[in-house]
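Undergrad: My structure is in protein07.cif, and what it holds is mmCIF, C-alpha atoms:
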data_data
#
loop_
_atom_site.label_atom_id
_atom_site.label_comp_id
_atom_site.auth_asym_id
_atom_site.auth_seq_id
_atom_site.Cartn_x
_atom_site.Cartn_y
_atom_site.Cartn_z
CA MET A 1 -19.09 -5.97 -31.30
CA ARG A 2 -15.66 -7.51 -31.26
CA PRO A 3 -13.37 -6.52 -28.41
CA ASP A 4 -10.75 -5.16 -30.79
CA GLU A 5 -13.16 -2.51 -31.96
CA PHE A 6 -13.08 -0.73 -28.66
CA GLY A 7 -10.95 2.35 -28.74
CA GLY A 8 -8.15 3.09 -26.32
CA GLY A 9 -5.39 0.87 -25.13
CA MET A 10 -1.83 0.60 -26.32
CA THR A 11 -0.09 -0.86 -29.36
CA LEU A 12 -0.47 -4.39 -30.65
CA ILE A 13 2.78 -5.53 -29.03
CA VAL A 14 1.66 -4.43 -25.59
CA LYS A 15 -1.75 -6.02 -26.12
CA THR A 16 -0.26 -9.34 -27.14
CA VAL A 17 2.18 -9.43 -24.24
CA ALA A 18 -0.60 -8.48 -21.84
CA ARG A 19 -2.84 -11.22 -23.20
CA LEU A 20 -0.08 -13.76 -22.68
CA THR A 21 0.96 -12.69 -19.18
CA VAL A 22 -2.27 -11.70 -17.47
CA GLY A 23 -3.36 -15.26 -16.82
CA LEU A 24 -0.04 -16.08 -15.19
CA ILE A 25 -0.21 -13.00 -12.98
CA LEU A 26 -3.76 -13.86 -11.92
CA LEU A 27 -2.75 -17.44 -11.21
CA PHE A 28 0.24 -16.26 -9.17
CA GLY A 29 -2.03 -13.98 -7.13
CA ILE A 30 -4.42 -16.83 -6.35
CA TYR A 31 -1.45 -19.05 -5.46
CA VAL A 32 -0.04 -16.42 -3.10
CA ILE A 33 -3.42 -16.08 -1.37
CA LEU A 34 -4.03 -19.80 -0.99
CA GLN A 35 -0.45 -20.63 0.05
CA GLY A 36 -0.37 -17.78 2.56
CA TYR A 37 -0.53 -20.19 5.48
CA ALA A 38 2.73 -21.90 4.63
CA SER A 39 4.87 -19.55 2.59
CA PRO A 40 5.34 -15.79 2.41
CA GLY A 41 2.32 -14.00 1.08
CA GLY A 42 -1.27 -14.19 2.18
CA GLY A 43 -4.37 -12.16 1.64
CA PHE A 44 -2.80 -8.71 1.41
CA ALA A 45 -0.03 -9.45 -1.06
CA GLY A 46 -2.17 -11.79 -3.13
CA GLY A 47 -5.01 -9.30 -3.31
CA VAL A 48 -2.66 -6.60 -4.56
CA ILE A 49 -1.26 -8.97 -7.19
CA ILE A 50 -4.79 -9.76 -8.43
CA ALA A 51 -5.56 -6.05 -8.62
CA LEU A 52 -2.32 -5.61 -10.59
CA ALA A 53 -3.41 -8.28 -13.08
CA PHE A 54 -6.61 -6.39 -13.81
CA ILE A 55 -4.77 -3.06 -13.91
CA HIS A 56 -2.32 -4.58 -16.40
CA LEU A 57 -5.25 -5.61 -18.61
CA THR A 58 -6.98 -2.25 -18.29
CA LEU A 59 -3.83 -0.32 -19.17
CA ALA A 60 -3.22 -2.47 -22.25
CA PHE A 61 -6.72 -2.77 -23.66
CA GLY A 62 -8.63 0.24 -22.33
CA LYS A 63 -11.47 0.28 -19.86
CA ASP A 64 -14.39 -0.51 -22.15
CA SER A 65 -12.90 -3.67 -23.58
CA VAL A 66 -12.09 -5.05 -20.14
CA ARG A 67 -15.58 -4.25 -18.90
CA TRP A 68 -17.13 -5.98 -21.91
CA HIS A 69 -15.10 -9.13 -21.32
CA TYR A 70 -15.75 -9.07 -17.63
CA ASP A 71 -19.50 -8.78 -18.10
CA ARG A 72 -19.46 -11.67 -20.55
CA SER A 73 -17.40 -13.91 -18.27
CA ILE A 74 -19.65 -13.80 -15.21
CA PRO A 75 -22.98 -15.65 -15.14
CA ARG A 76 -26.09 -13.78 -16.22
CA PHE A 77 -28.00 -14.20 -12.95
CA VAL A 78 -25.28 -12.48 -10.96
CA GLY A 79 -26.04 -9.26 -12.76
CA ARG A 80 -23.67 -6.32 -12.90
CA LEU A 81 -21.09 -7.39 -10.35
CA ARG A 82 -18.67 -4.48 -10.30
CA ALA A 83 -15.56 -4.14 -8.17
CA PRO A 84 -17.11 -1.89 -5.46
CA THR A 85 -19.92 -4.38 -4.92
CA LEU A 86 -17.44 -7.23 -4.80
CA MET A 87 -15.34 -5.33 -2.28
CA SER A 88 -18.36 -4.68 -0.05
CA LEU A 89 -19.39 -8.34 -0.21
CA ALA A 90 -15.86 -9.49 0.66
CA MET A 91 -15.71 -7.03 3.54
CA LEU A 92 -19.00 -8.36 4.90
CA ALA A 93 -17.81 -11.94 4.44
CA PHE A 94 -14.59 -11.20 6.29
CA LEU A 95 -16.57 -9.55 9.08
CA ALA A 96 -18.85 -12.58 9.26
CA ALA A 97 -15.95 -15.02 9.40
CA TRP A 98 -14.23 -12.89 11.99
CA LEU A 99 -17.38 -12.69 14.13
CA ALA A 100 -18.02 -16.42 13.89
CA HIS A 101 -14.43 -17.06 14.93
CA GLY A 102 -14.73 -14.57 17.78
CA LEU A 103 -17.95 -16.13 19.05
CA VAL A 104 -16.29 -19.52 19.09
CA ALA A 105 -13.50 -17.96 21.12
CA LEU A 106 -16.01 -16.45 23.55
CA ARG A 107 -17.64 -19.80 24.16
CA GLY A 108 -14.37 -21.65 24.35
CA GLY A 109 -12.90 -19.54 27.11
CA GLU A 110 -9.45 -18.02 27.30
CA ALA A 111 -7.39 -17.98 24.15
CA ARG A 112 -8.67 -17.69 20.61
CA PRO A 113 -8.48 -21.22 19.26
CA TYR A 114 -6.50 -21.76 16.15
CA ASP A 115 -8.76 -22.77 13.29
CA PRO A 116 -7.12 -23.45 9.89
CA LEU A 117 -10.37 -23.29 7.90
CA VAL A 118 -11.42 -19.91 9.24
CA MET A 119 -7.96 -18.51 8.64
CA GLU A 120 -7.88 -19.75 5.07
CA LEU A 121 -11.30 -18.19 4.48
CA CYS A 122 -10.08 -14.95 6.04
CA HIS A 123 -7.08 -14.94 3.68
CA LEU A 124 -9.44 -15.39 0.75
CA PHE A 125 -11.84 -12.66 1.82
CA ILE A 126 -9.04 -10.22 2.60
CA GLY A 127 -7.53 -10.96 -0.79
CA ILE A 128 -10.79 -10.22 -2.59
CA ASN A 129 -11.34 -7.13 -0.46
CA VAL A 130 -7.89 -5.68 -1.13
CA GLY A 131 -7.87 -6.63 -4.82
CA ALA A 132 -11.31 -5.26 -5.61
CA GLY A 133 -10.68 -2.14 -3.53
CA LEU A 134 -7.40 -1.24 -5.21
CA PHE A 135 -8.81 -1.92 -8.65
CA THR A 136 -11.73 0.36 -7.80
CA ILE A 137 -9.31 3.13 -6.82
CA PHE A 138 -7.39 2.68 -10.05
CA VAL A 139 -10.49 2.74 -12.26
CA ALA A 140 -11.91 5.75 -10.45
CA LEU A 141 -8.65 7.69 -10.87
CA VAL A 142 -8.03 6.73 -14.48
CA GLY A 143 -11.62 7.28 -15.53
CA PHE A 144 -11.63 10.72 -14.00
CA PRO A 145 -11.36 13.34 -16.75
CA VAL A 146 -8.89 16.10 -16.09
CA ARG A 147 -8.40 19.55 -17.51
CA GLY A 148 -6.97 19.89 -20.97
CA GLU A 149 -7.44 16.22 -21.69
CA GLU A 150 -10.81 15.87 -23.39
CA GLY A 151 -12.07 12.78 -25.04
CA ARG A 152 -9.98 10.21 -23.22
CA MET B 1 23.14 1.69 16.08
CA THR B 2 24.30 3.36 12.87
CA VAL B 3 21.46 1.64 11.07
CA TYR B 4 18.91 3.31 13.33
CA LEU B 5 20.56 6.67 12.69
CA LEU B 6 20.43 6.25 8.91
CA CYS B 7 16.78 5.27 9.22
CA LEU B 8 16.13 8.42 11.25
CA VAL B 9 17.85 10.49 8.58
CA LEU B 10 15.50 9.01 6.00
CA PHE B 11 12.53 9.89 8.19
CA LEU B 12 13.78 13.46 8.62
CA ILE B 13 14.17 13.88 4.85
CA GLY B 14 10.48 13.03 4.56
CA VAL B 15 9.53 15.43 7.34
CA TYR B 16 11.60 18.20 5.75
CA CYS B 17 9.82 17.62 2.45
CA ILE B 18 6.39 17.84 4.12
CA LEU B 19 7.30 21.04 5.95
CA VAL B 20 9.09 22.99 3.22
CA LYS B 21 7.69 22.03 -0.18
CA ARG B 22 4.70 23.84 -1.62
CA ASN B 23 3.72 21.34 -4.25
CA LEU B 24 0.96 18.91 -3.24
CA ILE B 25 2.56 15.94 -5.01
CA LYS B 26 5.87 16.71 -3.28
CA ILE B 27 4.08 16.70 0.08
CA ILE B 28 2.56 13.30 -0.71
CA ILE B 29 6.04 12.06 -1.67
CA GLY B 30 7.42 13.31 1.65
CA LEU B 31 4.68 11.49 3.53
CA ALA B 32 5.47 8.29 1.63
CA ILE B 33 9.19 8.57 2.41
CA SER B 34 8.63 9.06 6.13
CA GLU B 35 6.17 6.16 6.12
CA TYR B 36 8.82 3.92 4.55
CA ALA B 37 11.30 5.01 7.19
CA VAL B 38 8.95 4.19 10.06
CA ASN B 39 8.14 0.77 8.60
CA LEU B 40 11.84 0.05 8.16
CA PHE B 41 12.58 1.18 11.70
CA LEU B 42 10.05 -1.23 13.20
CA ILE B 43 11.50 -4.11 11.23
CA LEU B 44 15.05 -3.12 12.20
CA ALA B 45 14.04 -3.14 15.87
CA GLY B 46 12.79 -6.71 15.50
CA TYR B 47 15.79 -8.07 13.64
CA ARG B 48 17.87 -10.77 15.23
CA MET B 49 21.43 -11.17 14.12
CA ARG B 50 21.76 -14.28 11.97
CA GLY B 51 18.12 -15.08 12.66
CA ARG B 52 15.79 -16.68 10.19
CA ALA B 53 12.44 -15.79 8.69
CA PRO B 54 9.44 -16.46 10.97
CA ILE B 55 8.24 -19.49 9.06
CA PHE B 56 8.23 -22.91 10.68
CA SER B 57 9.82 -25.65 8.67
CA GLY B 58 10.90 -29.20 9.30
CA ASP B 59 13.77 -28.45 11.68
CA GLN B 60 11.73 -26.96 14.51
CA ALA B 61 14.57 -27.37 16.99
CA VAL B 62 16.31 -24.27 15.67
CA ALA B 63 14.13 -21.37 16.78
CA ASN B 64 16.30 -18.27 16.47
CA MET B 65 13.65 -16.41 14.50
CA VAL B 66 13.48 -12.70 13.96
CA ASP B 67 10.65 -11.02 15.85
CA PRO B 68 7.43 -11.78 13.92
CA LEU B 69 5.24 -9.26 15.75
CA PRO B 70 6.57 -6.04 14.11
CA GLN B 71 6.40 -7.80 10.77
CA ALA B 72 2.70 -8.55 11.24
CA LEU B 73 1.94 -4.98 12.28
CA VAL B 74 3.99 -3.43 9.47
CA LEU B 75 2.26 -5.71 6.96
CA THR B 76 -1.06 -4.07 7.78
CA ALA B 77 0.59 -0.63 7.94
CA ILE B 78 1.89 -0.95 4.36
CA VAL B 79 -1.56 -1.63 2.95
CA ILE B 80 -3.13 1.13 5.05
CA GLY B 81 -0.41 3.46 3.78
CA LEU B 82 -1.39 2.64 0.21
CA GLY B 83 -5.03 3.41 0.98
CA SER B 84 -4.23 6.75 2.57
CA THR B 85 -1.83 7.66 -0.25
CA ALA B 86 -4.55 6.93 -2.79
CA LEU B 87 -6.96 9.13 -0.85
CA LEU B 88 -4.40 11.97 -0.74
CA ILE B 89 -3.72 11.69 -4.47
CA THR B 90 -7.45 11.81 -5.13
CA LEU B 91 -7.70 15.00 -3.11
CA ALA B 92 -4.76 16.47 -5.01
CA VAL B 93 -6.31 15.57 -8.37
CA ARG B 94 -9.59 17.14 -7.30
CA LEU B 95 -7.82 20.31 -6.19
CA TYR B 96 -5.92 20.44 -9.46
CA GLU B 97 -9.16 20.13 -11.37
CA LYS B 98 -10.70 23.00 -9.46
CA TYR B 99 -7.75 25.40 -9.25
CA GLY B 100 -5.48 24.29 -12.07
CA THR B 101 -2.38 24.13 -9.86
CA PHE B 102 -0.66 21.91 -7.33
CA ASP B 103 0.86 24.87 -5.49
CA ILE B 104 -0.72 25.16 -2.04
CA THR B 105 0.10 28.84 -1.63
CA ARG B 106 -1.68 29.72 -4.86
CA ILE B 107 -4.62 27.51 -3.91
CA ARG B 108 -4.85 29.48 -0.70
CA GLU B 109 -4.84 32.77 -2.60
CA LEU B 110 -7.47 31.61 -5.07
CA ARG B 111 -9.92 30.61 -2.29
CA GLY B 112 -13.54 30.01 -3.25
CA MET C 1 25.30 -6.57 7.20
CA ILE C 2 27.12 -4.40 4.69
CA GLU C 3 24.31 -4.79 2.14
CA LEU C 4 21.88 -3.20 4.58
CA TYR C 5 24.06 -0.11 4.87
CA ILE C 6 24.39 0.12 1.09
CA LEU C 7 20.62 -0.15 0.71
CA LEU C 8 20.00 2.49 3.35
CA LEU C 9 22.46 4.90 1.75
CA PHE C 10 20.85 4.27 -1.62
CA MET C 11 17.42 4.97 -0.12
CA ILE C 12 18.65 8.21 1.43
CA ALA C 13 20.20 9.34 -1.85
CA ALA C 14 17.03 8.50 -3.80
CA ALA C 15 14.92 10.28 -1.18
CA VAL C 16 17.05 13.41 -1.44
CA ILE C 17 16.67 13.32 -5.22
CA ALA C 18 12.91 12.81 -4.90
CA VAL C 19 12.62 15.78 -2.58
CA GLU C 20 14.86 18.18 -4.44
CA ILE C 21 14.30 17.52 -8.14
CA ARG C 22 12.09 19.96 -10.06
CA ASP C 23 10.34 17.63 -12.46
CA LEU C 24 7.45 15.88 -10.72
CA LEU C 25 7.63 12.75 -12.84
CA SER C 26 11.31 12.28 -11.96
CA ALA C 27 10.45 12.78 -8.30
CA VAL C 28 7.81 10.06 -8.53
CA VAL C 29 10.28 7.68 -10.17
CA ALA C 30 12.84 8.43 -7.44
CA VAL C 31 10.32 7.68 -4.71
CA GLY C 32 9.63 4.41 -6.51
CA ALA C 33 13.34 3.63 -6.24
CA VAL C 34 13.14 4.25 -2.48
CA GLY C 35 10.20 1.86 -2.18
CA LEU C 36 11.81 -0.91 -4.20
CA ALA C 37 15.05 -0.59 -2.22
CA LEU C 38 12.91 -0.87 0.92
CA SER C 39 11.48 -4.09 -0.46
CA VAL C 40 14.98 -5.51 -0.90
CA ALA C 41 15.88 -4.29 2.59
CA PHE C 42 12.93 -6.25 3.99
CA LEU C 43 14.27 -9.31 2.22
CA VAL C 44 17.71 -8.76 3.77
CA LEU C 45 16.07 -8.35 7.18
CA LYS C 46 14.38 -11.76 6.87
CA ALA C 47 10.86 -10.48 6.30
CA PRO C 48 9.77 -12.14 3.05
CA ASP C 49 6.06 -11.40 3.59
CA LEU C 50 6.79 -7.72 3.80
CA ALA C 51 9.10 -7.84 0.81
CA ILE C 52 6.35 -9.25 -1.43
CA THR C 53 3.74 -6.85 -0.11
CA GLN C 54 5.99 -3.80 -0.37
CA LEU C 55 6.98 -4.70 -3.92
CA VAL C 56 3.44 -4.95 -5.28
CA VAL C 57 2.12 -2.04 -3.20
CA GLU C 58 4.93 0.12 -4.53
CA ILE C 59 3.97 -0.71 -8.11
CA ILE C 60 0.33 0.29 -7.55
CA CYS C 61 1.42 3.42 -5.69
CA LEU C 62 3.66 4.37 -8.64
CA ILE C 63 0.87 3.82 -11.16
CA ILE C 64 -1.50 6.05 -9.20
CA LEU C 65 1.15 8.75 -8.62
CA ILE C 66 2.14 8.79 -12.29
CA ARG C 67 -1.52 9.04 -13.18
CA ALA C 68 -1.73 12.13 -11.01
CA THR C 69 1.33 13.78 -12.52
CA VAL C 70 2.10 12.73 -16.05
CA THR C 71 -0.95 12.93 -18.23
CA ARG C 72 -1.49 16.64 -17.88
CA ASP C 73 0.76 19.51 -18.80
CA ARG C 74 4.01 18.34 -17.18
CA VAL C 75 3.87 20.41 -14.03
CA ALA C 76 7.17 21.20 -12.41
CA ALA C 77 7.55 22.10 -8.77
CA ARG C 78 8.61 25.70 -9.04
CA GLY C 79 10.32 27.64 -6.34
CA GLY C 80 11.21 26.44 -2.88
CA ALA C 81 9.69 27.84 0.25
CA ALA C 82 10.61 31.15 1.79
CA LEU C 83 13.86 31.28 3.72
CA ALA C 84 12.05 31.56 7.05
CA VAL C 85 10.09 28.37 6.41
CA GLY C 86 13.24 26.49 5.51
CA ALA C 87 15.00 27.73 8.61
CA ALA C 88 12.04 26.79 10.78
CA ALA C 89 11.96 23.32 9.25
CA CYS C 90 15.68 22.87 9.88
CA ALA C 91 15.18 24.05 13.47
CA PHE C 92 12.40 21.51 13.88
CA VAL C 93 14.61 18.77 12.49
CA VAL C 94 17.41 19.65 14.91
CA LEU C 95 14.94 19.77 17.80
CA PHE C 96 13.61 16.39 16.79
CA LEU C 97 17.11 14.94 16.70
CA ALA C 98 17.85 16.36 20.15
CA LEU C 99 14.66 14.90 21.56
CA ALA C 100 15.29 11.56 19.86
CA ARG C 101 18.56 11.06 21.73
CA GLY C 102 16.87 9.71 24.87
CA PRO C 103 14.75 7.06 23.12
CA PHE C 104 17.78 6.08 21.07
CA ALA C 105 19.73 5.30 24.21
CA ALA C 106 16.87 3.13 25.43
CA LEU C 107 16.67 1.06 22.25
CA PRO C 108 17.95 -2.49 22.40
CA PRO C 109 21.14 -2.89 20.37
CA PHE C 110 20.68 -3.78 16.73
CA GLY C 111 20.37 -7.51 16.21
CA ALA C 112 19.06 -8.39 19.67
CA PRO C 113 15.29 -7.79 19.81
CA LEU C 114 13.26 -7.70 23.00
CA PHE C 115 11.15 -10.64 21.83
CA ARG C 116 8.83 -10.62 24.85
CA THR C 117 5.34 -10.90 23.36
CA ALA C 118 6.44 -12.82 20.32
CA GLU C 119 7.85 -15.54 22.54
CA LEU C 120 4.29 -16.63 23.39
CA TYR C 121 3.47 -16.89 19.71
CA VAL C 122 6.59 -18.84 18.88
CA GLU C 123 5.97 -21.25 21.76
CA ALA C 124 2.38 -21.79 20.66
CA GLY C 125 3.69 -22.37 17.16
CA ALA C 126 6.17 -24.93 18.43
CA ARG C 127 3.24 -26.73 20.10
CA GLY C 128 1.56 -26.92 16.72
CA GLU C 129 -1.13 -24.30 17.33
CA SER C 130 -0.04 -22.26 14.38
CA GLU C 131 0.24 -22.28 10.66
CA PRO C 132 3.78 -22.63 9.35
CA ASN C 133 3.83 -18.95 8.45
CA LEU C 134 3.95 -17.24 11.82
CA VAL C 135 3.24 -13.74 10.47
CA SER C 136 0.02 -14.90 8.85
CA THR C 137 -1.00 -16.60 12.10
CA ILE C 138 -0.37 -13.41 14.05
CA ILE C 139 -2.42 -11.16 11.80
CA LEU C 140 -5.36 -13.53 11.54
CA ASN C 141 -5.34 -15.36 14.85
CA TRP C 142 -3.58 -13.45 17.63
CA ARG C 143 -4.11 -9.93 16.31
CA ALA C 144 -7.34 -10.33 14.38
CA TYR C 145 -8.71 -7.06 15.74
CA ASP C 146 -5.90 -5.18 13.97
CA THR C 147 -6.65 -6.92 10.72
CA LEU C 148 -10.35 -6.16 10.98
CA GLY C 149 -9.50 -2.51 11.57
CA GLU C 150 -7.08 -2.56 8.65
CA ALA C 151 -9.67 -4.02 6.27
CA THR C 152 -12.13 -1.39 7.45
CA VAL C 153 -9.62 1.41 6.88
CA LEU C 154 -8.93 0.24 3.34
CA PHE C 155 -12.67 -0.09 2.68
CA THR C 156 -13.24 3.43 3.99
CA ALA C 157 -10.40 4.80 1.86
CA VAL C 158 -11.91 3.28 -1.27
CA ILE C 159 -15.35 4.67 -0.41
CA GLY C 160 -13.69 8.04 0.18
CA VAL C 161 -11.96 7.95 -3.20
CA LEU C 162 -15.23 7.07 -4.93
CA ALA C 163 -17.08 9.84 -3.11
CA LEU C 164 -14.39 12.41 -3.93
CA LEU C 165 -14.28 11.52 -7.61
CA ARG C 166 -18.04 11.41 -8.07
CA ARG C 167 -18.84 13.76 -10.90
CA HIS C 168 -22.55 14.40 -10.68
CA GLY C 169 -23.21 14.83 -7.00
CA ARG C 170 -26.36 16.71 -6.11
CA LYS C 171 -24.65 19.30 -3.95
CA GLY C 172 -21.40 19.23 -5.92
CA ALA C 173 -23.09 20.12 -9.21
CA ALA C 174 -24.99 22.97 -7.56
CA ALA C 175 -21.83 24.35 -5.99
CA GLU C 176 -19.92 24.15 -9.27
CA GLU C 177 -22.62 26.05 -11.09
CA GLU C 178 -22.51 28.65 -8.38
CA THR C 179 -18.81 29.28 -8.75
CA GLU C 180 -18.71 29.30 -12.52
#
If you took the structure in this file and wrote it as structure tokens, what would it be?

TA:
Amino acid sequence: MRPDEFGGGMTLIVKTVARLTVGLILLFGIYVILQGYASPGGGFAGGVIIALAFIHLTLAFGKDSVRWHYDRSIPRFVGRLRAPTLMSLAMLAFLAAWLAHGLVALRGGEARPYDPLVMELCHLFIGINVGAGLFTIFVALVGFPVRGEEGR
Amino acid sequence: MTVYLLCLVLFLIGVYCILVKRNLIKIIIGLAISEYAVNLFLILAGYRMRGRAPIFSGDQAVANMVDPLPQALVLTAIVIGLGSTALLITLAVRLYEKYGTFDITRIRELRG
Amino acid sequence: MIELYILLLFMIAAAVIAVEIRDLLSAVVAVGAVGLALSVAFLVLKAPDLAITQLVVEIICLIILIRATVTRDRVAARGGAALAVGAAACAFVVLFLALARGPFAALPPFGAPLFRTAELYVEAGARGESEPNLVSTIILNWRAYDTLGEATVLFTAVIGVLALLRRHGRKGAAAEEETE
């Protein structure tokens, strides 16, 4: 089944523009997350930008097409890695990083030592958490059928 | 001081909307407006005249930064506000699906 | 600082429009204008982190709000509240203003922050115990508890949205059959 055969989505112009821009938006989100230590941005803003990239794609192409591509682009052994699962994993990872950092602080004594690696990891995990969470909200709200709007 | 007053006016517009309007979406909008006003107020309270953004650069001798602490707290507050707004909208959509209206007085009458 | 006043007046005007207009879609667009003006105001107030975050958060907020309003039969907000409710709200607003006078007098003047706690952070940053971006250091190093709580709140909100929108719940389906 070719992706164009999925129903839904907008006109060809919107689809083409979305195809061209979505990679740039995703790249910008990753840049904002990873450069959060030095320039404005960080996990929160970058995560929202990543969620916006996926929302952009979903609005242009429809939910089914995006899901099909997403399932094809992740490795087989990972299985069905959906956004809620990803969000839970990122939350756990952030908790783990936070706890490890806190335990170091407990051993070390007074102030929480500054650790660039842990902070970069925290940025990353927060970014994934926020991005996957907001995309989950969007998909849940858009996929929800409402009165007088059958067959969407 | 005038800036604080204008910010307070913005907050009161939001509060008025929450108290008076009967439409659920309007109430959510009022909540959003007052949330914006509170965020703006915290940042205003931490502003330093002719200060600079709290990012260290090469010339570390000049340190007249604006207060970074309110900025950090408001950063988390913005994202939390989005989460709570999404939850409220979900509730409103659910109510609309069940009762077919956003009007809280009619929802109250329809009960059950 | 004239641009700050202009932005604030613009935000107030857009907020009044958002509150008073009948059409819900127009109200949502007006509240989007308030949020984007707030983003610019953050930029003017030297808070670039907040400006970026507010900008993108506002876009997602608008998408969700439009989703809630536009795709169904264009609902308009009909009829204001009763006169008594409006009067009570105005009374509350006046009371609030009267009570806010004391705290207002205690505020530091605009442009001269207290800067007591943040001084520690800036000093530590000057010693090199900080990333260049001080705000990021505060939320992940000095105030990591807040950030953990924030991530948890967002997580809980998403779980709540999923639970509320679940279609085939065991109890929910039973209750719906009961009412119909």

Undergrad: Find the residues of chain B that sit at most 7 Å from chain C; for each, write down the nearest two atoms and how far apart they are in Å, to one decimal. Count only C-alpha atoms. Sort by chain, then by number going up, and give it as JSON lines.

TA:
{"residue": "B:Met1", "atom": "CA", "partner": "C:Phe110", "partner_atom": "CA", "distance": 6.0}
{"residue": "B:Val3", "atom": "CA", "partner": "C:Tyr5", "partner_atom": "CA", "distance": 6.9}
{"residue": "B:Leu6", "atom": "CA", "partner": "C:Leu8", "partner_atom": "CA", "distance": 6.7}
{"residue": "B:Leu10", "atom": "CA", "partner": "C:Ile12", "partner_atom": "CA", "distance": 5.6}
{"residue": "B:Leu12", "atom": "CA", "partner": "C:Val93", "partner_atom": "CA", "distance": 6.6}
{"residue": "B:Ile13", "atom": "CA", "partner": "C:Val16", "partner_atom": "CA", "distance": 6.9}
{"residue": "B:Tyr16", "atom": "CA", "partner": "C:Ala89", "partner_atom": "CA", "distance": 6.2}
{"residue": "B:Cys17", "atom": "CA", "partner": "C:Val19", "partner_atom": "CA", "distance": 6.0}
{"residue": "B:Leu19", "atom": "CA", "partner": "C:Ala89", "partner_atom": "CA", "distance": 6.1}
{"residue": "B:Val20", "atom": "CA", "partner": "C:Ala81", "partner_atom": "CA", "distance": 5.7}
{"residue": "B:Lys21", "atom": "CA", "partner": "C:Ala81", "partner_atom": "CA", "distance": 6.2}
{"residue": "B:Arg22", "atom": "CA", "partner": "C:Ala81", "partner_atom": "CA", "distance": 6.7}
{"residue": "B:Asn23", "atom": "CA", "partner": "C:Ala77", "partner_atom": "CA", "distance": 6.0}
{"residue": "B:Lys26", "atom": "CA", "partner": "C:Val19", "partner_atom": "CA", "distance": 6.8}
{"residue": "B:Ile29", "atom": "CA", "partner": "C:Val31", "partner_atom": "CA", "distance": 6.8}
{"residue": "B:Ile33", "atom": "CA", "partner": "C:Ala15", "partner_atom": "CA", "distance": 7.0}
{"residue": "B:Ala45", "atom": "CA", "partner": "C:Pro113", "partner_atom": "CA", "distance": 6.2}
{"residue": "B:Gly46", "atom": "CA", "partner": "C:Pro113", "partner_atom": "CA", "distance": 5.1}
{"residue": "B:Tyr47", "atom": "CA", "partner": "C:Gly111", "partner_atom": "CA", "distance": 5.3}
{"residue": "B:Arg48", "atom": "CA", "partner": "C:Gly111", "partner_atom": "CA", "distance": 4.2}
{"residue": "B:Met49", "atom": "CA", "partner": "C:Gly111", "partner_atom": "CA", "distance": 4.3}
{"residue": "B:Arg52", "atom": "CA", "partner": "C:Lys46", "partner_atom": "CA", "distance": 6.1}
{"residue": "B:Ala53", "atom": "CA", "partner": "C:Lys46", "partner_atom": "CA", "distance": 4.8}
{"residue": "B:Pro54", "atom": "CA", "partner": "C:Leu134", "partner_atom": "CA", "distance": 5.6}
{"residue": "B:Ile55", "atom": "CA", "partner": "C:Asn133", "partner_atom": "CA", "distance": 4.5}
{"residue": "B:Phe56", "atom": "CA", "partner": "C:Pro132", "partner_atom": "CA", "distance": 4.7}
{"residue": "B:Ser57", "atom": "CA", "partner": "C:Pro132", "partner_atom": "CA", "distance": 6.8}
{"residue": "B:Asp67", "atom": "CA", "partner": "C:Phe115", "partner_atom": "CA", "distance": 6.0}
{"residue": "B:Pro68", "atom": "CA", "partner": "C:Val135", "partner_atom": "CA", "distance": 5.8}
{"residue": "B:Leu69", "atom": "CA", "partner": "C:Ala118", "partner_atom": "CA", "distance": 5.9}
{"residue": "B:Gln71", "atom": "CA", "partner": "C:Val135", "partner_atom": "CA", "distance": 6.7}
{"residue": "B:Ala72", "atom": "CA", "partner": "C:Val135", "partner_atom": "CA", "distance": 5.3}
{"residue": "B:Leu75", "atom": "CA", "partner": "C:Leu50", "partner_atom": "CA", "distance": 5.9}
{"residue": "B:Thr76", "atom": "CA", "partner": "C:Glu150", "partner_atom": "CA", "distance": 6.3}
{"residue": "B:Ile78", "atom": "CA", "partner": "C:Gln54", "partner_atom": "CA", "distance": 6.9}
{"residue": "B:Ile80", "atom": "CA", "partner": "C:Leu154", "partner_atom": "CA", "distance": 6.1}
{"residue": "B:Leu82", "atom": "CA", "partner": "C:Cys61", "partner_atom": "CA", "distance": 6.6}
{"residue": "B:Gly83", "atom": "CA", "partner": "C:Leu154", "partner_atom": "CA", "distance": 5.6}
{"residue": "B:Ser84", "atom": "CA", "partner": "C:Ala157", "partner_atom": "CA", "distance": 6.5}
{"residue": "B:Leu87", "atom": "CA", "partner": "C:Val161", "partner_atom": "CA", "distance": 5.6}
{"residue": "B:Ile89", "atom": "CA", "partner": "C:Ala68", "partner_atom": "CA", "distance": 6.9}
{"residue": "B:Thr90", "atom": "CA", "partner": "C:Val161", "partner_atom": "CA", "distance": 6.2}
{"residue": "B:Val93", "atom": "CA", "partner": "C:Ala68", "partner_atom": "CA", "distance": 6.3}

Undergrad: For B:Arg50, which of B:Met65, B:Ala86, B:Cys7, B:Ala37 is the closest residue, counting only C-alpha atoms?

TA: B:Met65

Undergrad: On this file, the PyMOL selection byres ((chain A) within 12 of (chain B)) gives some set of residues; write that set as a count of residues only.

TA: 34

Undergrad: Rank nothing, just name the residue among A:Ala93, A:Leu52, A:Leu26, A:Val78 nearest to chain C, using all atoms listed in the file.

TA: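 With all atoms listed in the file as the atom set, the closest residue is A:Leu52.
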
Undergrad: So which residues touch A:Leu57 within 9 Å, counting only C-alpha atoms, skipping near sequence neighbours fewer than 3 positions away, as number ranges by chain?

TA: A: 15, 18-19, 22, 52-54, 60-63, 66
